[in-house]
Every structure is written in C-alpha cells, then in structure tokens.
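Notes for the one structure printed next.
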Number of protein chains: 2
Amino acid sequence: MTTGAQALLRTLVNAGVRVCFTNPGTSEMHFVAALDDVPEMRAVLTLFEGVATGAADGYARMTGHPAATLLHLGPGLGNGLANLHNARRARVPVVNIIGDHATYHVPFDAQLQSDIETVARNVSPGFVRTATDTARLPLDVVDAITAAVGPPGQVATLIVPADLSWTEGASPAQLPEAGRPPAAADSVIREAADALRKGRRTAMLLGGAALHGAGLQLAGQLAAATGVTLLAEVFPTRIERGAGLPKVERLAYLAEMSQTQLRGFDHLVLVDAAPPVSFFAYPGKPSDLVPEGCAVHRLTADDDVVASLSALIELLDVGHWPIDAQPAHRPGLPDGELTAGSVCQAVAALLPERAIVVDESLTSGAAFPSMSAGAPPHDVLTLTGGAIGMGLPLAVGASVACPDRPVIALQADGSAMYTMQALWTMAREQLDVTVVLLNNRSYGILNVELQRVGASGNGAASHHQLDLSSPPLDFVALAQGMGVPASRPTTAREFAVQLSNSLAEPGPHLIEAAVPQVFTGRKLKALPVALRAMEALPAPLAKALRRRIAP
Amino acid sequence: MTTGAQALLRTLVNAGVRVCFTNPGTSEMHFVAALDDVPEMRAVLTLFEGVATGAADGYARMTGHPAATLLHLGPGLGNGLANLHNARRARVPVVNIIGDHATYHVPFDAQLQSDIETVARNVSPGFVRTATDTARLPLDVVDAITAAVGPPGQVATLIVPADLSWTEGASPAQLPEAGRPPAAADSVIREAADALRKGRRTAMLLGGAALHGAGLQLAGQLAAATGVTLLAEVFPTRIERGAGLPKVERLAYLAEMSQTQLRGFDHLVLVDAAPPVSFFAYPGKPSDLVPEGCAVHRLTADDDVVASLSALIELLDVGHWPIDAQPAHRPGLPDGELTAGSVCQAVAALLPERAIVVDESLTSGAAFPSMSAGAPPHDVLTLTGGAIGMGLPLAVGASVACPDRPVIALQADGSAMYTMQALWTMAREQLDVTVVLLNNRSYGILNVELQRVGASGNGAASHHQLDLSSPPLDFVALAQGMGVPASRPTTAREFAVQLSNSLAEPGPHLIEAAVPQVFTGRKLKALPVALRAMEALPAPLAKALRRRIAP
C-alpha cells in the first residue's frame, strides 16, 4: 500500500507512460514528492503550461504513445488549453493529470477553486473524470490511459483532489492487454476499391496514420498501382516525406487554392482524414471544399488504418507494386538577401536525414514544402488545430521522444511569442533543437486575412493591430535570456553557415532571420483578384496560377 | 445601419467602454477593421491573451469600469483564462468579446472549432452568450456590460460569430441608466452595529470596495469609534494604504498565521469579503479559519458598500469620529547586500505618492507590507485568485487606467514567466511601469508548500521540479528583447539608485534583483515546527512569533 500519488505514478509507468511534462503547484506537491520514489518517470519541467501540453502533443505524434501532463487546477489547465486543442485535432493520446483542492476543501470556495471539468470538456470531450477515492485512483489512471490511447487517440483528463494523493491505501494497477482494432468492414473496403479503380478521377486524402510509416507506404503502392492522386490534409499531425517516399500533395491553407487542387476529382477516398473544409469562413465563399458531384468515401478513421490499407491492397491485388517514389533533389545553398524564400531554401538544402521539422512558420514558410520535397526523408509536424503557439512546445516533445534525431523548428515571430518559455526547457534538458525564427515583425497571415474577409480596415488603427515592429522583438536576446545560444545572420549565406553549425552541435540553438513579409504591397493587393481568378479558370491553368501565388 | 462589428464597437463606446485589450485572429478581423471607424476606442495589442485579460482586470480594479478584451475562439479564451480567474475572484467587471466561426461554418467542424461556452463557464458563470443575430448584437453587448458591471462586478463573455460581425443591419445601442444598488437591509445593519459595539472582541474583515476610497474611510471611522480591529482579506482586489489612511491588518497567506490573527475575536463582520478560509488544504489542518465560537456577520456583499457603511455610521452616531491614521514613517535606504528584504526596504523608502503597486512577489516580497505601512498613500493590487502570472498584465492595465500615476510591479521570477509578453505592450504603449524583478531562481513558495503538505519529497527529483537555476533566467535580456530598458544592480545601494532613476524617467523599466530565497535551509526546516507552535501558544505570544517568521 502506498499513497495515492505514488500509486498514480507507478500505474503510469506500468502502462508505459514514462514522461510527464509538468508545471506543478501546491495541489500537485505529493505527485512531485513521489517522483523520488518512481525514478522510471522522467519529469520535464516547463515554465508555462502551454509548453507542457504542446510537448505532450509532440511526444505523442512521434511515438504514438501518450505522455502525461501535470497541471495546477483550472487556471493551469486554461494555460494549457490551446495546445491541448491542437492535440485533440491531431487525435493523439495525452493524459492530463490535474491537481485539485482536497475534496473537503471544495465547499469553502477558496481562491483557486473553479469548475475544472467544464474547461476540460473543451479538449477532452471523451474523458473527463474527477477521482473520488484513493483506492480507486489507480483504476482511474488505467481508464484515462485506455481512453487516451483509443482509437482514436484523444486527450483524457483526470482531476486528482489533493487528499486522494496524500492518503495511503492505493496499489498500483496494470493496463489490460489491448487488442488491435480491426480493419474496416469488407463493404467499406470494396467501396474504396471501386473508387480507386477509377484511377485519375479519384484522389485519396490522407491524414493521421496514413501519412507516415507503413500507412504511407501502402497508400503509395495503391496510388502507383491505380493512378489515383495522393493528397494530404492541410495540417497533418505528422507527415513523412522526402526522397524515396511516396509523393503526396498537401492541400493548401487558402481555400481557393485547395479548391483548385480538388477540382476535377469525382471520387475522394478519406483515409484517417476528415472531409476538406475551409479553415475559416469568408463572406460569399463555401465552407465545404468537396467539389460538386464528387463522391466521398471514408475508408477508415477509428479502425486500424494499416490493416484497412492492407486489405485494400489485397483486394486490388497490387501487393508487389513499387511506389512512385519522390526523386532525391534539393536546392543549392542560397546567396544574396535574407528572405523567407532564401531561409526556406537553406533549410531544405541542409536538412539532415531523419530530421523532425516542426512547422509553425505560417506565411514565411510557404516555400518550404516545395523546396524540401526531395530532401532526405524527414517528418513534418503541423498546426493541426490552428491554435498558434504550438511550434516551440512541440519541438520540446518531439526531441524528448526522439533524442537521436535532429529537430528543426520553423517558427514565425508572432506565434513564437505565445509559448516562448519552451526555450528554457530546451536549454534545461539540452535538447537538440534548432529554432529557425523567421521574424517579419508582423502578424503576416492577418494582413492576408484582413483582405480576404472583405473587411474595410485600411486605416492606421486596424493596421496597428497587426504590426509587431514597434518595439521590434529581439529573439536573440530572448533566447539568450532563457539559456539558448542564439545568433542573427544578415545574409542568406551567413544564415546557411549558422544553420550548418547549429545542426552540427548538440543542444538547442536559435537563429533569428529578419525577413520581409511574403505578402505585402502589390502582391497583397493582387491576392484577392488572383484567388477569384483561380476559381474561374480551368483546372490546369488554375494550378499554374496557384504555383505562382504560393511563393 | 452599420455592420455588426461597427455597431458592437460603437455600443461599447456609448457605454463608456473605451479600452479594449486585444489579441485578434481571422474571426475578429471585422472588429479590427471597425477600429478605423470608431476612433474613441483605444485598442491595446498584446502578444498573448493572458496579458489582455490581466490588463482588463487591472484596468477595472483602478477605474471600477470594465475594459473589453478581444480574444480568438476557444484557444484564445483558454490562454486568457488564468487571469480571468483572478478577475472573477476580484469581482471586477470585464467584458470578453470572443470571435467565433461564422454560424454556417460551425457544422463543418473546421480546425479551430471547439465548444467555447464550456470554457467560458469557468470564469463567466453569470453571463455567457453566443450572439445569434446581427440586429440583436448591440443589445447583447448592452446585456454583457450590464452583467459585468453588477453588482457584483463579474466577467461577462459574449461570443460573436464572424458572419454577425460582417453583416450589415445593426444599429448601436445605449446602456440604460443604472440605479445605484441599495444599502443592506436595516436588520443587517443593526446586527453589524451590535457586533461593533462589542469593541475589542470584534474584527471587521474588509474586502472589495471597503478597502479603498470612501469605503475605507468609513471603515476607519467605525474602527476608531468602536475599538474594533480592521482586517483585510489575504488577497485584496485593491487596498489603499499608507500614511494618513486607516490602519488595516492584512490576513497572512499561511493559514497558521492568519489563525493567530483571528484568534480571540468573538465577532467577525464581513464587509464585501468572504469568510476567511485556508488558501489550500493541508493534511490534518482546518479549511475554515473562523475561530470556534466566533459569530460571523455579513454586512454587505452585492449591496452598495459605501451606503451600508454610512448607514452603520449613522446608526452608531459616529459620523464625526476621526480615523486612527497610520503615521507617516518609512525606512531609510538600505545598504549592504541585495536581498529580498533590502529590495523591499528600498521600494518602501522610495515609493512615490499615489503609486500603484502590483504585488506578485510571493515569498520575496514578504517584508514589503510592514516596510511600506507608513509610506505615502498608495494602492496595492494582489493575487486575488491565486493564478500566478497576473503581475505584469495587471501593471499594464493599471497604467492604461491611470497614466498619471507611477506603477511598480513587484514581481517574482517564476510567476513572471507565465505572462512576460506584457513587457512588450509596456514598451509599445510607453507605460510608466517599473518592474522590480525579484529573481531567487526558484519556485520559492513551493519549497515551503512541499514541507507544509507533509510530502516526503526530499530527493533530487522532487527538488529539481522547484529549481529554476539551470539555466538561470536573465530578465535583463528578456526585457531588452521586448524593448524595455533593463538593469541589474549588485548591491542594495545600486538597486536604490536604479529604482530612483527608473521612477524619475517616463516609460517602462525593469530592474532585476538577484536575491537569495527567503525560506531555505534551517529556516525552511524550522517552519513547520514554528507554525505548529504558533497554534498552541496564547495569542500575544503567537503574534510575536508570527512577526519573527514573516520576514
């Protein structure tokens, strides 16, 4: 028999949850104390809860297994909510452990008392539980982990009153052996096979487990054998790409562009992906991006994706078909001015094999996907839920998950500022992360959006809301203030040298690249016209125009 | 007729809501665009939503009027939640305007879709509404402001779908004239008067409107006339204090200490305050801090506090009684080492008249209240809800509210890191804020709490969770990185010089004082013993011991 906190920790470890990203307070002190008794648990301290939750997301994306978070009551969960939203949208497993007041303290409505469950429902609709009994606490932990692991993976939230943690009388529990989920039903497989037989009139939209590892290989075989197009969600959880891997075309963020990508298909087979929708609504524009008359077939979501794709391969009898592999190719090192484009080119030119790229570069990183398509194989983690501030935390989690792989965070300036405390954890844990900070001194994407929503907003007051130039943020100082070595190149060549050095050295580095905005002046003014034109043009012309707009 | 967004802004301005602390995204772009049409609205951009919400709290504490916040969907609200929790506990008015997807976009479950209302209920239990109609939107705004203003003041949340903002067809509305709430009922006044007649056996516990302005003066008269003791809540919303003002003893954070403050009273009259409870629960310790046998009388909460105190004065016929004023006295300038104590001494020695002190100094600021008791009159804003990360944002809001008053943020290191983005807004708006950053390289309070909760936790793993020394945070670099001039004194004398210079110059400054922890080593080990002893000793001895422990 041990205390509730000790049994909780031991149960997590028994179930393979061996990393906890923490930001504890008084109600979590018994959990903290129990770390001395359960050395198998690695507790990674963060200075802000959004770093802890984003790190748990990044860890889960790279391992497929949950990490725990340790958060302090309702406000601690609130601070972690934005990145839990991204994790929910990524459909990855995360186990939140949230301390609460002792059960008997709740009626006194002390200062930190609040309704934690109502907050948690936003990100944990499938599993929110407040533990009520020390002896049962380990079973609650098992239930939370089971719910988190899924399928589908999800955020599970267990709220633990402090007296349950400090009371003796709990025994660690074991997670029951989980069976693999089955493949999709035969009828579903047959329907998908019929769609694939249409060849070029069909696209497979890949998400989740279909974008890396075995799932991606199988999808690649199917595409090569049938001639269908492989598309990826706008913001994939994890996409494996590069030389030798199947070619997959990622849908564009701007709905007008993704509409041109989807135009002309009569069948869309969803593989662990949701039907494509516009990221935001815009006056007079459709939300649903499925072309009119296009039939949508959902191959699999909560089933075993690899098993379902294997069944499809078997039914179509294309088991030995070679994939249409992306040829190896990368750009040379850039020269001249430091721009968003030359930064992306340098990263693509120097990208190490098996790198993990966490992409929150927004407008500044627009050129990276095409530049790096033929680079050595790498993974890209993206902004699944659109809640900015995910980049640096995800890089923490990905690096903790994969200490032998270099992590590159392509990071925009505005979004970096939500969770920049992650830099301190990178330094403390000596994580091998290179942060490429693309500083355009603006909420660049909002300049685009202000145009697109058709808002008037051409006055000083509105533009002042999108401008981050006064005072300018000095990311070298910010990084150094948190113990991360940092530098600021002034030319594309200098950037490449500094990136190369950073990749060669262990531990974290930040390189701040001051770059002009991608969309400004005439380009920004012409954008709505070009997007409207794109909708009207025949598909091949629209695709050509799309390539010109996406820099 | 105007767009929903224009009418929304105009209605806010009509109702006297002329400041909005913002962190907008695409769904708020029409609000942003409307800023060009409604120049009376001052929009203060923040880099993180927790800064916006904390600033709205600080603004309301100093003006009594609400500011608006502008937040981006569920994740934006999540990021702002911790400081909205503090605002809820401060019972101040705040109006959240939260953009949401267009109504018709919701069914498509796009990436940023989430249940915003469930999150909002945590901090806005009294008013959460999703607007449904452009023409009605201005009336929704009126209802939100009315709810926020109270009494009691509260956080009101209005969720505005993007299409309601961009659609034409709304007319700005006016706030109806609000009557003042009445004084407490006669029977309540009589009961309180009877308690006050007991003199020294009675204490008045003051909170809210009873701790500043007319309320405080009236409470001071009552105390002087009847001999009752004036106590203040542990974490007041706003406490006015200093030379010439009524003496009020603030309850201590450590429950064992506040128990000794409350011991011996037979009557406790609550004036705009909740009954005293322990901040956290501890094994074997009471949550309720009201002494056994002590009768509790609630004078007023949602009534007009000043009117109720006036009625009490009239009934007791002490209308012309002079207050027992705090004599003017302040410490000399410190010399020698830079310690938490010498920093507090220097601030007390140099505190300008009418300064606003935002106190999130936690353990390091423990000496400040006694040191500054006789300083020139000033206001102190405290951590009402216990959600750390309020200090720098509140300083932003207080300074926007009172541009002619110097603001001093007494700020601990650990809590500073939750919302340090506030520094950028201070620089951008050139706010006259001096941040005194007490850096003890530790979650100092948690060292105390780890002992107090009786957790074992004497190993390296648990202590590592409370240690912020590796890498050390360099707050001078962090401040400079966000455009705030900063310095780092090495002696108490140097600190005083730098503080003096900073107070003499306009605009923001940060002074980082590296100080030893207040509670370490033998002092920390002896603390539980001393606290236990305090409970057993007679009141006068216990009070003497309390003074020795509180440094």
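Every chain in the structure tokens has a letter given in the order shown (A, B, ...), and although residue numbers restart at 1 in each chain, ligands are simply numbered from 1 in the order shown.
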
Query raised in the report: Where does DSSP see strand (DSSP E or B) in segment 147-340 of chain B, if you list the residues as a PyMOL selection string?
Result: chain B and resi 155-161+168-170+202-206+229-232+239-241+246+249-250+267-271+277+288+295-300+325+337

Query - Non-local contacts of segment 343-351 of chain A (7 Å; only C-alpha atoms; under 6 positions in same chain excluded) as a ChimeraX atom specification - result: /A:330-334,365,367-368,371-372,375,492,496,500

Could you save the residues just selected, with C-alpha atoms, as a PDB file, in the first residue's frame?
```pdb
ATOM      1  CA  ARG A 330      17.496  19.555 -53.204  1.00  0.00           C
ATOM      2  CA  PRO A 331      18.217  23.161 -53.910  1.00  0.00           C
ATOM      3  CA  GLY A 332      21.700  24.581 -53.711  1.00  0.00           C
ATOM      4  CA  LEU A 333      22.686  26.922 -50.924  1.00  0.00           C
ATOM      5  CA  PRO A 334      21.111  30.341 -51.326  1.00  0.00           C
ATOM      6  CA  GLY A 365       7.476  29.201 -44.526  1.00  0.00           C
ATOM      7  CA  ALA A 367       8.131  27.978 -49.847  1.00  0.00           C
ATOM      8  CA  PHE A 368       9.475  25.226 -47.609  1.00  0.00           C
ATOM      9  CA  MET A 371      11.849  23.332 -51.654  1.00  0.00           C
ATOM     10  CA  SER A 372      12.237  20.290 -49.409  1.00  0.00           C
ATOM     11  CA  ALA A 375      15.335  16.319 -49.355  1.00  0.00           C
ATOM     12  CA  ALA A 492      21.405  34.143 -46.839  1.00  0.00           C
ATOM     13  CA  ALA A 496      23.325  28.822 -44.069  1.00  0.00           C
ATOM     14  CA  SER A 500      25.021  24.270 -40.559  1.00  0.00           C
TER      15      SER A 500
END
```

Report task. Quick one: everything within 9 Å of Met420 of chain A, counting only C-alpha atoms, minus sequence neighbours fewer than 2 positions away in the same chain. Send it as a list of chain:residue names. Result ->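 With the cut-off at 9 Å, the set is A:Val51, A:Gly389, A:Leu392, A:Pro393, A:Ser415, A:Ala416, A:Met417, A:Tyr418, A:Ala422, A:Leu423, A:Trp424, A:Leu478, A:Ala479.
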
Report task. Skip Asp304 of chain A itself and residues of its chain fewer than 4 positions away, then list as a list in words all residues within 10 Å of it, counting only C-alpha atoms. Result ->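 The residues that qualify are Pro151, Pro152, Arg180, Pro181, Pro182, Ala183, Ala184, Ala209, Gly215, Asp272, Thr300, Ser308, Leu309 and Ser310 of chain A.
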
Pull all heavy atoms from the residues just selected and write them as an mmCIF file, in the first residue's frame.
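Saved the output as again_39.cif:
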```cif
data_model
loop_
_atom_site.group_PDB
_atom_site.id
_atom_site.type_symbol
_atom_site.label_atom_id
_atom_site.label_comp_id
_atom_site.auth_asym_id
_atom_site.auth_seq_id
_atom_site.Cartn_x
_atom_site.Cartn_y
_atom_site.Cartn_z
ATOM 1 N N PRO A 151 -8.360 3.463 -30.255
ATOM 2 C CA PRO A 151 -8.517 4.541 -31.223
ATOM 3 C C PRO A 151 -9.912 5.180 -31.168
ATOM 4 O O PRO A 151 -10.848 4.482 -30.826
ATOM 5 C CB PRO A 151 -8.320 3.832 -32.561
ATOM 6 C CG PRO A 151 -8.766 2.429 -32.315
ATOM 7 C CD PRO A 151 -8.450 2.148 -30.871
ATOM 8 N N PRO A 152 -9.982 6.462 -31.572
ATOM 9 C CA PRO A 152 -8.865 7.322 -31.947
ATOM 10 C C PRO A 152 -8.142 7.846 -30.715
ATOM 11 O O PRO A 152 -8.711 7.887 -29.634
ATOM 12 C CB PRO A 152 -9.560 8.474 -32.683
ATOM 13 C CG PRO A 152 -10.892 8.588 -32.010
ATOM 14 C CD PRO A 152 -11.276 7.186 -31.626
ATOM 15 N N ARG A 180 -5.624 -5.111 -31.012
ATOM 16 C CA ARG A 180 -5.592 -4.126 -32.094
ATOM 17 C C ARG A 180 -7.011 -3.945 -32.607
ATOM 18 O O ARG A 180 -7.792 -4.889 -32.670
ATOM 19 C CB ARG A 180 -4.714 -4.635 -33.239
ATOM 20 C CG ARG A 180 -3.235 -4.534 -32.968
ATOM 21 C CD ARG A 180 -2.451 -4.984 -34.200
ATOM 22 N NE ARG A 180 -2.515 -4.006 -35.274
ATOM 23 C CZ ARG A 180 -1.661 -2.985 -35.390
ATOM 24 N NH1 ARG A 180 -0.712 -2.817 -34.500
ATOM 25 N NH2 ARG A 180 -1.765 -2.139 -36.379
ATOM 26 N N PRO A 181 -7.354 -2.749 -33.016
ATOM 27 C CA PRO A 181 -8.674 -2.565 -33.624
ATOM 28 C C PRO A 181 -8.709 -3.299 -34.955
ATOM 29 O O PRO A 181 -7.662 -3.541 -35.565
ATOM 30 C CB PRO A 181 -8.760 -1.053 -33.803
ATOM 31 C CG PRO A 181 -7.349 -0.586 -33.884
ATOM 32 C CD PRO A 181 -6.559 -1.517 -33.011
ATOM 33 N N PRO A 182 -9.889 -3.667 -35.389
ATOM 34 C CA PRO A 182 -9.992 -4.401 -36.663
ATOM 35 C C PRO A 182 -9.814 -3.461 -37.858
ATOM 36 O O PRO A 182 -9.866 -2.254 -37.720
ATOM 37 C CB PRO A 182 -11.418 -4.942 -36.616
ATOM 38 C CG PRO A 182 -12.168 -3.939 -35.798
ATOM 39 C CD PRO A 182 -11.181 -3.384 -34.797
ATOM 40 N N ALA A 183 -9.631 -4.052 -39.021
ATOM 41 C CA ALA A 183 -9.675 -3.282 -40.266
ATOM 42 C C ALA A 183 -11.118 -2.862 -40.523
ATOM 43 O O ALA A 183 -12.043 -3.349 -39.872
ATOM 44 C CB ALA A 183 -9.160 -4.138 -41.420
ATOM 45 N N ALA A 184 -11.295 -1.937 -41.455
ATOM 46 C CA ALA A 184 -12.654 -1.508 -41.823
ATOM 47 C C ALA A 184 -13.435 -2.713 -42.362
ATOM 48 O O ALA A 184 -12.862 -3.722 -42.786
ATOM 49 C CB ALA A 184 -12.571 -0.409 -42.868
ATOM 50 N N ALA A 209 -2.566 8.254 -39.424
ATOM 51 C CA ALA A 209 -1.615 7.157 -39.585
ATOM 52 C C ALA A 209 -1.314 6.837 -41.044
ATOM 53 O O ALA A 209 -0.433 6.023 -41.333
ATOM 54 C CB ALA A 209 -2.148 5.906 -38.878
ATOM 55 N N GLY A 215 1.590 2.969 -43.151
ATOM 56 C CA GLY A 215 0.387 3.510 -43.780
ATOM 57 C C GLY A 215 0.725 4.270 -45.050
ATOM 58 O O GLY A 215 0.084 4.094 -46.097
ATOM 59 N N ASP A 272 -8.234 8.099 -42.764
ATOM 60 C CA ASP A 272 -7.887 8.701 -41.473
ATOM 61 C C ASP A 272 -7.871 10.230 -41.584
ATOM 62 O O ASP A 272 -7.026 10.900 -40.975
ATOM 63 C CB ASP A 272 -6.520 8.179 -40.997
ATOM 64 C CG ASP A 272 -6.469 8.042 -39.464
ATOM 65 O OD1 ASP A 272 -7.506 8.277 -38.804
ATOM 66 O OD2 ASP A 272 -5.392 7.709 -38.920
ATOM 67 N N THR A 300 -11.483 4.710 -43.557
ATOM 68 C CA THR A 300 -11.216 4.303 -42.184
ATOM 69 C C THR A 300 -10.956 5.531 -41.350
ATOM 70 O O THR A 300 -10.485 6.545 -41.824
ATOM 71 C CB THR A 300 -9.982 3.389 -42.128
ATOM 72 O OG1 THR A 300 -9.691 3.137 -40.758
ATOM 73 C CG2 THR A 300 -8.767 4.040 -42.771
ATOM 74 N N SER A 308 -6.513 -1.716 -42.770
ATOM 75 C CA SER A 308 -7.507 -1.398 -43.800
ATOM 76 C C SER A 308 -6.837 -1.177 -45.154
ATOM 77 O O SER A 308 -7.329 -1.653 -46.190
ATOM 78 C CB SER A 308 -8.286 -0.135 -43.403
ATOM 79 O OG SER A 308 -8.969 -0.356 -42.196
ATOM 80 N N LEU A 309 -5.712 -0.454 -45.139
ATOM 81 C CA LEU A 309 -4.989 -0.237 -46.401
ATOM 82 C C LEU A 309 -4.459 -1.566 -46.937
ATOM 83 O O LEU A 309 -4.464 -1.813 -48.153
ATOM 84 C CB LEU A 309 -3.848 0.762 -46.189
ATOM 85 C CG LEU A 309 -4.290 2.225 -45.989
ATOM 86 C CD1 LEU A 309 -3.120 3.080 -45.494
ATOM 87 C CD2 LEU A 309 -4.856 2.808 -47.286
ATOM 88 N N SER A 310 -4.020 -2.449 -46.030
ATOM 89 C CA SER A 310 -3.524 -3.766 -46.460
ATOM 90 C C SER A 310 -4.648 -4.573 -47.107
ATOM 91 O O SER A 310 -4.445 -5.252 -48.124
ATOM 92 C CB SER A 310 -2.970 -4.541 -45.263
ATOM 93 O OG SER A 310 -1.876 -3.850 -44.712
#
```

Give me the residues within 10 Å of Trp321 of chain A as a PDB file with N, CA and C atoms, in the first residue's frame, counting only C-alpha atoms and dropping any in the same chain fewer than 6 places off.
```pdb
ATOM      1  N   LEU A 218       1.844   1.911 -47.908  1.00  0.00           N
ATOM      2  CA  LEU A 218       0.719   1.209 -48.521  1.00  0.00           C
ATOM      3  C   LEU A 218      -0.086   2.158 -49.413  1.00  0.00           C
ATOM      4  N   GLY A 220       1.078   4.697 -50.902  1.00  0.00           N
ATOM      5  CA  GLY A 220       1.920   4.926 -52.070  1.00  0.00           C
ATOM      6  C   GLY A 220       1.792   3.805 -53.088  1.00  0.00           C
ATOM      7  N   GLN A 221       1.749   2.579 -52.608  1.00  0.00           N
ATOM      8  CA  GLN A 221       1.568   1.431 -53.515  1.00  0.00           C
ATOM      9  C   GLN A 221       0.239   1.526 -54.247  1.00  0.00           C
ATOM     10  N   LEU A 222      -0.814   1.836 -53.481  1.00  0.00           N
ATOM     11  CA  LEU A 222      -2.153   1.921 -54.080  1.00  0.00           C
ATOM     12  C   LEU A 222      -2.191   2.997 -55.164  1.00  0.00           C
ATOM     13  N   ALA A 223      -1.558   4.136 -54.869  1.00  0.00           N
ATOM     14  CA  ALA A 223      -1.573   5.225 -55.843  1.00  0.00           C
ATOM     15  C   ALA A 223      -0.811   4.844 -57.101  1.00  0.00           C
ATOM     16  N   ALA A 224       0.354   4.238 -56.911  1.00  0.00           N
ATOM     17  CA  ALA A 224       1.168   3.861 -58.068  1.00  0.00           C
ATOM     18  C   ALA A 224       0.433   2.842 -58.941  1.00  0.00           C
ATOM     19  N   ALA A 225      -0.249   1.926 -58.251  1.00  0.00           N
ATOM     20  CA  ALA A 225      -0.908   0.853 -58.997  1.00  0.00           C
ATOM     21  C   ALA A 225      -2.165   1.330 -59.706  1.00  0.00           C
ATOM     22  N   THR A 226      -2.880   2.280 -59.146  1.00  0.00           N
ATOM     23  CA  THR A 226      -4.188   2.654 -59.697  1.00  0.00           C
ATOM     24  C   THR A 226      -4.176   4.001 -60.409  1.00  0.00           C
ATOM     25  N   ILE A 313      -5.159  -3.317 -50.550  1.00  0.00           N
ATOM     26  CA  ILE A 313      -4.088  -3.789 -51.426  1.00  0.00           C
ATOM     27  C   ILE A 313      -4.349  -5.226 -51.855  1.00  0.00           C
TER      28      ILE A 313
END
```

Report task. Work out how far atom CA of Leu47 of chain A is from atom CA of Val476 of chain A, in Å to one decimal. Result -> 19.1 Å

**Report entry** Among listed residues A:Arg298, A:Arg201, A:Arg405, A:His463, nearest chain B (using only C-alpha atoms)
**Finding:**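 For chain B, the nearest of the given residues is A:His463.
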
Report task. Going by DSSP on the backbone, which bits of segment 121-161 of chain A are helix (DSSP H, G or I)? Write them as a list in words, please. Result ->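 Of segment 121-161 of chain A, only Leu137, Pro138, Leu139, Asp140, Val141, Val142, Asp143, Ala144, Ile145, Thr146, Ala147, Ala148 and Val149 of chain A fall in helix (DSSP H, G or I).
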
Report task. Find, counting only C-alpha atoms, the residue in A:Asn14, A:Thr53, A:Gln6, A:Gln113 that gets nearest to Ser27 of chain A. Result ->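 Ranking A:Asn14, A:Thr53, A:Gln6, A:Gln113 by distance to Ser27 of chain A, first place goes to A:Gln113.
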
Query raised in the report: If we count only C-alpha atoms, what is near segment 68-81 of chain B at a cut-off of 6 Å, once residues fewer than 4 positions away on the same chain are taken out, given as a list in words?
Result: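 With the cut-off at 6 Å, the set is Gly78, Asn79, Leu81 and Ala82 of chain A; Cys20, Phe21, Thr22, Asn23, Pro24, Gly25, Glu49, Gly50, Thr53, Val95, Asn96, Ile97, Ile98, Gly99, Asp100 and Ile116 of chain B.
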
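The residue that comes closest to chain B, out of A:Ser399, A:Asn86, A:Thr260, A:Thr202 and on the basis of only C-alpha atoms, is A:Asn86.
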
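Shortest separation to chain B among A:Ser469, A:Thr382, A:Gln430, A:Thr26 occurs at residue A:Thr26, atoms counted being only C-alpha atoms.
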
Query - Top pick for closest residue to chain A, considering B:Ile356, B:Ala52, B:Leu112, B:Met62 and counting only C-alpha atoms - result: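 For chain A, the nearest of the given residues is B:Leu112.
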
Report task. Could you check which of B:Pro352, B:Gly397, B:Pro485, B:Pro66 is closest to chain A, using only C-alpha atoms? Result ->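 Residue with the minimum atom-to-atom distance to chain A: B:Pro485.
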
Report task. Take atom CA of Met534 of chain B and atom CA of Arg263 of chain B and report the distance between them in Å, one decimal. Result -> 11.1 Å

**Report entry** Two-atom distance - atom CA of Lys525 of chain A, atom CA of Asn447 of chain A (Å)
**Finding:**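 Between atom CA of Lys525 of chain A and atom CA of Asn447 of chain A the gap works out to 10.2 Å.
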